[in-house]
$ cat start-v5.txt   # compact mmCIF, C-alpha atoms
# COMPACT_ATOMS: atom_id res chain seq x y z
CA MET A 1 87.88 -54.84 113.97
CA VAL A 2 85.41 -52.01 114.48
CA VAL A 3 86.04 -52.14 118.23
CA ASN A 4 89.80 -51.85 117.72
CA MET A 5 89.38 -48.87 115.39
CA LYS A 6 87.21 -47.11 117.96
CA LYS A 7 89.80 -47.80 120.66
CA ASN A 8 92.57 -46.41 118.47
CA ARG A 9 90.56 -43.26 117.75
CA ILE A 10 89.90 -42.77 121.45
CA LEU A 11 93.61 -43.21 122.28
CA ILE A 12 94.61 -40.76 119.54
CA ALA A 13 92.08 -38.22 120.79
CA ILE A 14 93.35 -38.58 124.36
CA GLY A 15 96.94 -38.18 123.13
CA ILE A 16 96.13 -35.00 121.20
CA LEU A 17 94.25 -33.59 124.18
CA GLY A 18 97.20 -34.42 126.44
CA ILE A 19 99.67 -32.66 124.14
CA PHE A 20 97.39 -29.62 123.97
CA LEU A 21 97.03 -29.41 127.75
CA PHE A 22 100.79 -29.89 128.28
CA SER A 23 101.57 -27.14 125.75
CA ALA A 24 99.12 -24.80 127.47
CA PHE A 25 100.81 -25.59 130.80
CA LEU A 26 104.27 -24.79 129.39
CA ILE A 27 103.08 -21.48 127.93
CA GLY A 28 101.44 -20.48 131.19
CA TRP A 29 104.47 -21.58 133.24
CA LYS A 30 106.91 -19.73 131.01
CA SER A 31 104.88 -16.52 131.28
CA HIS A 32 105.32 -16.58 135.06
CA VAL A 33 109.08 -17.11 134.96
CA SER A 34 111.54 -14.25 134.68
CA PRO A 35 112.49 -13.69 131.00
CA SER A 36 116.16 -13.59 132.01
CA ARG A 37 116.08 -17.36 132.46
CA PHE A 38 115.31 -17.74 128.78
CA GLU A 39 117.92 -15.36 127.44
CA THR A 40 119.89 -16.88 124.64
CA TYR A 41 123.65 -16.98 124.42
CA GLU A 42 123.55 -14.45 121.57
CA ILE A 43 121.56 -11.95 123.64
CA MET A 44 123.93 -12.27 126.59
CA MET A 45 126.93 -11.85 124.31
CA LYS A 46 125.37 -8.76 122.75
CA GLU A 47 124.69 -7.22 126.16
CA SER A 48 128.23 -8.01 127.33
CA LYS A 49 129.70 -6.47 124.19
CA GLU A 50 127.62 -3.32 124.64
CA LYS A 51 128.74 -3.05 128.25
CA LEU A 52 132.39 -3.47 127.30
CA LEU A 53 132.09 -0.89 124.52
CA SER A 54 130.78 1.64 127.04
CA ILE A 55 133.96 1.38 129.15
CA LYS A 56 135.91 4.63 129.37
CA VAL A 57 138.37 4.06 132.23
CA VAL A 58 140.33 0.85 132.76
CA CYS A 59 142.40 0.43 135.89
CA TRP A 60 145.13 -2.16 136.37
CA TYR A 61 144.70 -2.79 140.10
CA GLN A 62 146.70 -5.85 141.09
CA SER A 63 145.32 -6.89 143.33
CA ILE A 64 142.14 -5.87 145.10
CA THR A 65 142.88 -8.29 147.96
CA ASP A 66 146.40 -7.35 149.09
CA TYR A 67 145.55 -3.99 150.66
CA LYS A 68 146.59 -5.20 154.13
CA ALA A 69 150.19 -5.42 152.94
CA PHE A 70 150.06 -1.66 152.27
CA ASN A 71 148.22 -0.73 155.47
CA ARG A 72 145.05 -0.10 153.51
CA THR A 73 141.46 -1.28 153.79
CA ILE A 74 138.92 -2.31 151.17
CA ASP A 75 137.41 1.17 151.63
CA ASP A 76 140.71 2.65 150.43
CA VAL A 77 140.54 0.46 147.34
CA ILE A 78 136.98 1.60 146.66
CA THR A 79 138.00 5.24 147.13
CA HIS A 80 140.79 4.87 144.56
CA LEU A 81 138.38 3.33 142.07
CA LYS A 82 135.77 6.03 142.61
CA GLU A 83 138.29 8.87 142.35
CA THR A 84 139.54 7.54 139.02
CA ASN A 85 136.01 6.79 137.73
CA THR A 86 137.09 3.24 136.97
CA ASP A 87 134.68 1.19 134.83
CA PHE A 88 136.84 -1.90 134.45
CA ILE A 89 139.42 -3.38 136.83
CA PHE A 90 142.02 -5.29 134.87
CA ARG A 91 143.82 -8.20 136.57
CA ALA A 92 142.19 -7.53 139.92
CA PHE A 93 143.38 -10.93 141.09
CA TRP A 94 146.43 -12.76 139.77
CA LYS A 95 146.49 -16.55 139.96
CA TYR A 96 150.15 -17.44 139.68
CA LYS A 97 150.04 -20.55 141.83
CA VAL A 98 147.48 -22.84 143.41
CA ILE A 99 145.06 -20.73 145.44
CA PRO A 100 143.38 -22.09 148.58
CA GLU A 101 139.68 -21.62 149.14
CA THR A 102 140.52 -20.01 152.49
CA CYS A 103 143.82 -19.13 154.13
CA SER A 104 142.83 -21.27 157.12
CA GLU A 105 143.46 -24.37 154.99
CA LEU A 106 147.19 -23.66 155.00
CA PRO A 107 149.84 -24.38 157.66
CA LEU A 108 150.24 -21.61 160.22
CA ASN A 109 153.47 -20.20 158.73
CA GLN A 110 151.85 -19.92 155.28
CA ARG A 111 148.52 -18.75 156.65
CA LYS A 112 149.87 -15.41 157.85
CA ILE A 113 151.41 -14.66 154.46
CA CYS A 114 148.18 -15.69 152.74
CA GLU A 115 146.06 -13.42 154.94
CA LYS A 116 148.35 -10.44 154.44
CA ALA A 117 148.27 -10.89 150.68
CA GLY A 118 144.59 -11.82 150.64
CA TYR A 119 145.59 -14.70 148.42
CA SER A 120 142.52 -16.92 148.68
CA TYR A 121 139.24 -17.25 146.83
CA GLU A 122 137.43 -16.29 150.01
CA ASN A 123 139.28 -12.95 150.16
CA PHE A 124 138.70 -12.38 146.46
CA LYS A 125 134.95 -12.92 146.84
CA LYS A 126 134.82 -10.57 149.84
CA SER A 127 136.65 -7.85 147.92
CA ILE A 128 134.34 -8.23 144.93
CA SER A 129 131.27 -8.00 147.17
CA GLY A 130 132.61 -4.89 148.90
CA ILE A 131 133.44 -3.13 145.65
CA LYS A 132 130.22 -4.15 143.89
CA LYS A 133 128.18 -2.87 146.82
CA GLU A 134 129.57 0.63 146.28
CA ILE A 135 130.08 0.48 142.50
CA PRO A 136 127.51 -2.00 141.10
CA SER A 137 128.28 -1.34 137.43
CA ILE A 138 132.02 -1.93 137.66
CA ILE A 139 133.51 -4.90 135.79
CA ILE A 140 136.13 -6.93 137.63
CA SER A 141 138.48 -9.32 135.85
CA ALA A 142 141.11 -11.73 137.12
CA GLY A 143 144.17 -13.04 135.34
CA ILE A 144 146.09 -16.27 134.90
CA PRO A 145 149.59 -16.79 133.50
CA THR A 146 148.89 -18.87 130.41
CA GLU A 147 152.54 -19.90 130.28
CA ARG A 148 152.41 -21.61 133.65
CA ILE A 149 150.46 -24.55 135.11
CA ASP A 150 151.14 -25.99 138.55
CA VAL A 151 151.64 -29.71 139.02
CA ASN A 152 148.77 -29.53 141.50
CA GLU A 153 145.73 -27.84 140.01
CA TYR A 154 142.05 -27.97 140.80
CA ASN A 155 138.85 -26.32 139.65
CA PRO A 156 137.64 -24.11 142.53
CA ILE A 157 134.06 -24.24 141.25
CA THR A 158 133.65 -27.99 140.70
CA GLY A 159 136.40 -29.16 143.06
CA LYS A 160 137.91 -31.37 140.34
CA LYS A 161 141.58 -32.16 140.88
CA TYR A 162 143.71 -32.62 137.78
CA THR A 163 146.28 -35.37 137.41
CA LYS A 164 149.82 -34.78 136.20
CA THR A 165 148.90 -36.54 132.96
CA GLU A 166 145.99 -34.16 132.36
CA LEU A 167 148.17 -31.15 133.16
CA TRP A 168 150.91 -32.32 130.82
CA GLU A 169 148.31 -32.55 128.06
CA MET A 170 147.44 -28.89 128.71
CA ALA A 171 151.07 -27.78 128.47
CA LEU A 172 152.06 -25.93 125.31
CA ASP A 173 153.53 -28.15 122.61
CA PRO A 174 155.43 -26.19 119.91
CA ALA A 175 155.48 -29.28 117.70
CA LYS A 176 151.83 -28.57 116.84
CA TRP A 177 153.00 -25.54 114.86
CA ASN A 178 156.24 -27.09 113.56
CA ILE A 179 158.35 -24.54 115.42
CA ILE A 180 162.05 -25.07 114.75
CA ASN A 181 164.72 -24.96 117.45
CA PRO A 182 167.18 -22.32 116.13
CA LYS A 183 170.09 -24.05 117.88
CA THR A 184 169.54 -27.50 116.41
CA GLY A 185 167.57 -26.73 113.27
CA LYS A 186 165.15 -29.46 114.30
CA PRO A 187 161.53 -29.21 115.49
CA LEU A 188 161.35 -27.92 119.05
CA THR A 189 159.97 -30.66 121.28
CA LYS A 190 157.48 -30.15 124.06
CA GLU A 191 160.02 -31.30 126.64
CA GLU A 192 162.69 -28.87 125.40
CA PHE A 193 160.32 -25.94 125.36
CA GLN A 194 158.90 -26.62 128.82
CA PHE A 195 162.36 -27.09 130.31
CA ASN A 196 163.70 -23.87 128.76
CA ARG A 197 160.62 -21.99 129.89
CA GLY A 198 161.07 -23.35 133.41
CA LYS A 199 164.64 -22.03 133.53
CA LEU A 200 163.53 -18.65 132.22
CA LEU A 201 160.90 -18.36 134.96
CA GLY A 202 163.38 -19.45 137.62
CA PHE A 203 161.90 -22.85 138.40
CA PHE A 204 165.17 -24.59 137.49
CA PRO A 205 168.76 -23.45 138.10
CA SER A 206 170.05 -21.45 135.14
CA ASP A 207 173.08 -23.76 134.79
CA TRP A 208 170.91 -26.85 134.28
CA THR A 209 171.24 -28.32 130.80

$ encode --input "start-v5.txt" --output "structure tokens"
Amino acid sequence: MVVNMKKNRILIAIGILGIFLFSAFLIGWKSHVSPSRFETYEIMMKESKEKLLSIKVVCWYQSITDYKAFNRTIDDVITHLKETNTDFIFRAFWKYKVIPETCSELPLNQRKICEKAGYSYENFKKSISGIKKEIPSIIISAGIPTERIDVNEYNPITGKKYTKTELWEMALDPAKWNIINPKTGKPLTKEEFQFNRGKLLGFFPSDWT
């Protein structure tokens, strides 16, 4: 019994010593790591808010990648931004349809159009790098049409491809807000709304019913 008690005390002492040494290691390790890695979400939000509040000039430049279509270069884009003292570029890139990672992924006939419009993530990244190199403090935003989702969508960061079922779940459903169809006096269904929206945007012939 006495032997077991001594063993337990020894194990407890070793455990406490281990915790102490591990804590000391963490403190020492943390002190050698850049503080930015330990910034909290609240701090980052505060800094972002302060940066946004300091904005004086907003420029709607859609888009920063299609300069070739206007016989311009990225240097021309940068010149325009500098001359207007732009702090924030609104809708610098407009995702209206599925965007390829590079234009080279597309068939030859589509590739030329893509290159001229700069309509790829590769071109967008290059434009951002070029602008940021000359104007480091500038904020660049992109835009998406919230009323439109393609039947083929993917996440360019993770590479995840979405199924039609997943995309249909994302589509706006007016029934969630009990919106009434003024023509029928009944709740507007998801199918009715999406079909009408499709006709309005020109995806279906206007005479379709």

$ residues_around --input "start-v5.txt" --residues "Pro156 of chain A" --least-positions-apart "6" --cutoff "10 Å" --atoms "all atoms listed in the file" --output "PDB file with C-alpha atoms, keeping the file's coordinate frame"
ATOM      1  CA  VAL A  98     147.480 -22.840 143.410  1.00  0.00           C
ATOM      2  CA  ILE A  99     145.060 -20.730 145.440  1.00  0.00           C
ATOM      3  CA  PRO A 100     143.380 -22.090 148.580  1.00  0.00           C
ATOM      4  CA  GLU A 101     139.680 -21.620 149.140  1.00  0.00           C
ATOM      5  CA  TYR A 121     139.240 -17.250 146.830  1.00  0.00           C
TER       6      TYR A 121
END

$ closest_residue --input "start-v5.txt" --among "A:Ser137, A:Pro107, A:Phe90, A:Ser127" --to "Lys51 of chain A" --atoms "all atoms listed in the file"
A:Ser137

$ axis_aligned_box --input "start-v5.txt" --around "segment 81-84 of chain A" --padding-each-side "3 Å" --output "AutoDock Vina command-line options"
--center_x 137.7 --center_y 6.1 --center_z 140.8 --size_x 9.8 --size_y 11.5 --size_z 9.6

$ atom_distance --input "start-v5.txt" --atom1 "atom CA of Ile128 of chain A" --atom2 "atom CA of Ala92 of chain A"
9.3 Å

$ atom_distance --input "start-v5.txt" --atom1 "atom CA of Leu81 of chain A" --atom2 "atom CA of Ala69 of chain A"
18.3 Å

$ residues_near_point --input "start-v5.txt" --point "(153.5, -27.3, 135.9)" --cutoff "9 Å" --atoms "all atoms listed in the file" --output "PyMOL selection string"
chain A and resi 148-153+164+167-168+171+194+198

$ residues_around --input "start-v5.txt" --residues "segment 175-181 of chain A" --least-positions-apart "2" --cutoff "12 Å" --atoms "all atoms listed in the file" --output "PyMOL selection string"
chain A and resi 171-173+183-194+196

$ atom_distance --input "start-v5.txt" --atom1 "atom CA of Lys56 of chain A" --atom2 "atom CA of Lys132 of chain A"
17.9 Å

$ residues_around --input "start-v5.txt" --residues "Thr84 of chain A" --least-positions-apart "3" --cutoff "12 Å" --atoms "only C-alpha atoms" --output "ChimeraX atom specification"
/A:56-61,77-81,87-89

$ write_last_selection --input "start-v5.txt" --atoms "C-alpha atoms" --output "PDB file, in the frame of the given file"
ATOM      1  CA  LYS A  56     135.910   4.630 129.370  1.00  0.00           C
ATOM      2  CA  VAL A  57     138.370   4.060 132.230  1.00  0.00           C
ATOM      3  CA  VAL A  58     140.330   0.850 132.760  1.00  0.00           C
ATOM      4  CA  CYS A  59     142.400   0.430 135.890  1.00  0.00           C
ATOM      5  CA  TRP A  60     145.130  -2.160 136.370  1.00  0.00           C
ATOM      6  CA  TYR A  61     144.700  -2.790 140.100  1.00  0.00           C
ATOM      7  CA  VAL A  77     140.540   0.460 147.340  1.00  0.00           C
ATOM      8  CA  ILE A  78     136.980   1.600 146.660  1.00  0.00           C
ATOM      9  CA  THR A  79     138.000   5.240 147.130  1.00  0.00           C
ATOM     10  CA  HIS A  80     140.790   4.870 144.560  1.00  0.00           C
ATOM     11  CA  LEU A  81     138.380   3.330 142.070  1.00  0.00           C
ATOM     12  CA  ASP A  87     134.680   1.190 134.830  1.00  0.00           C
ATOM     13  CA  PHE A  88     136.840  -1.900 134.450  1.00  0.00           C
ATOM     14  CA  ILE A  89     139.420  -3.380 136.830  1.00  0.00           C
TER      15      ILE A  89
END

$ closest_residue --input "start-v5.txt" --among "A:Thr158, A:Lys82, A:Ile64, A:Lys116" --to "Ser129 of chain A" --atoms "all atoms listed in the file"
A:Ile64

$ residues_near_point --input "start-v5.txt" --point "(147.2, -18.2, 131.1)" --cutoff "12 Å" --atoms "all atoms listed in the file" --output "count of residues only"
17
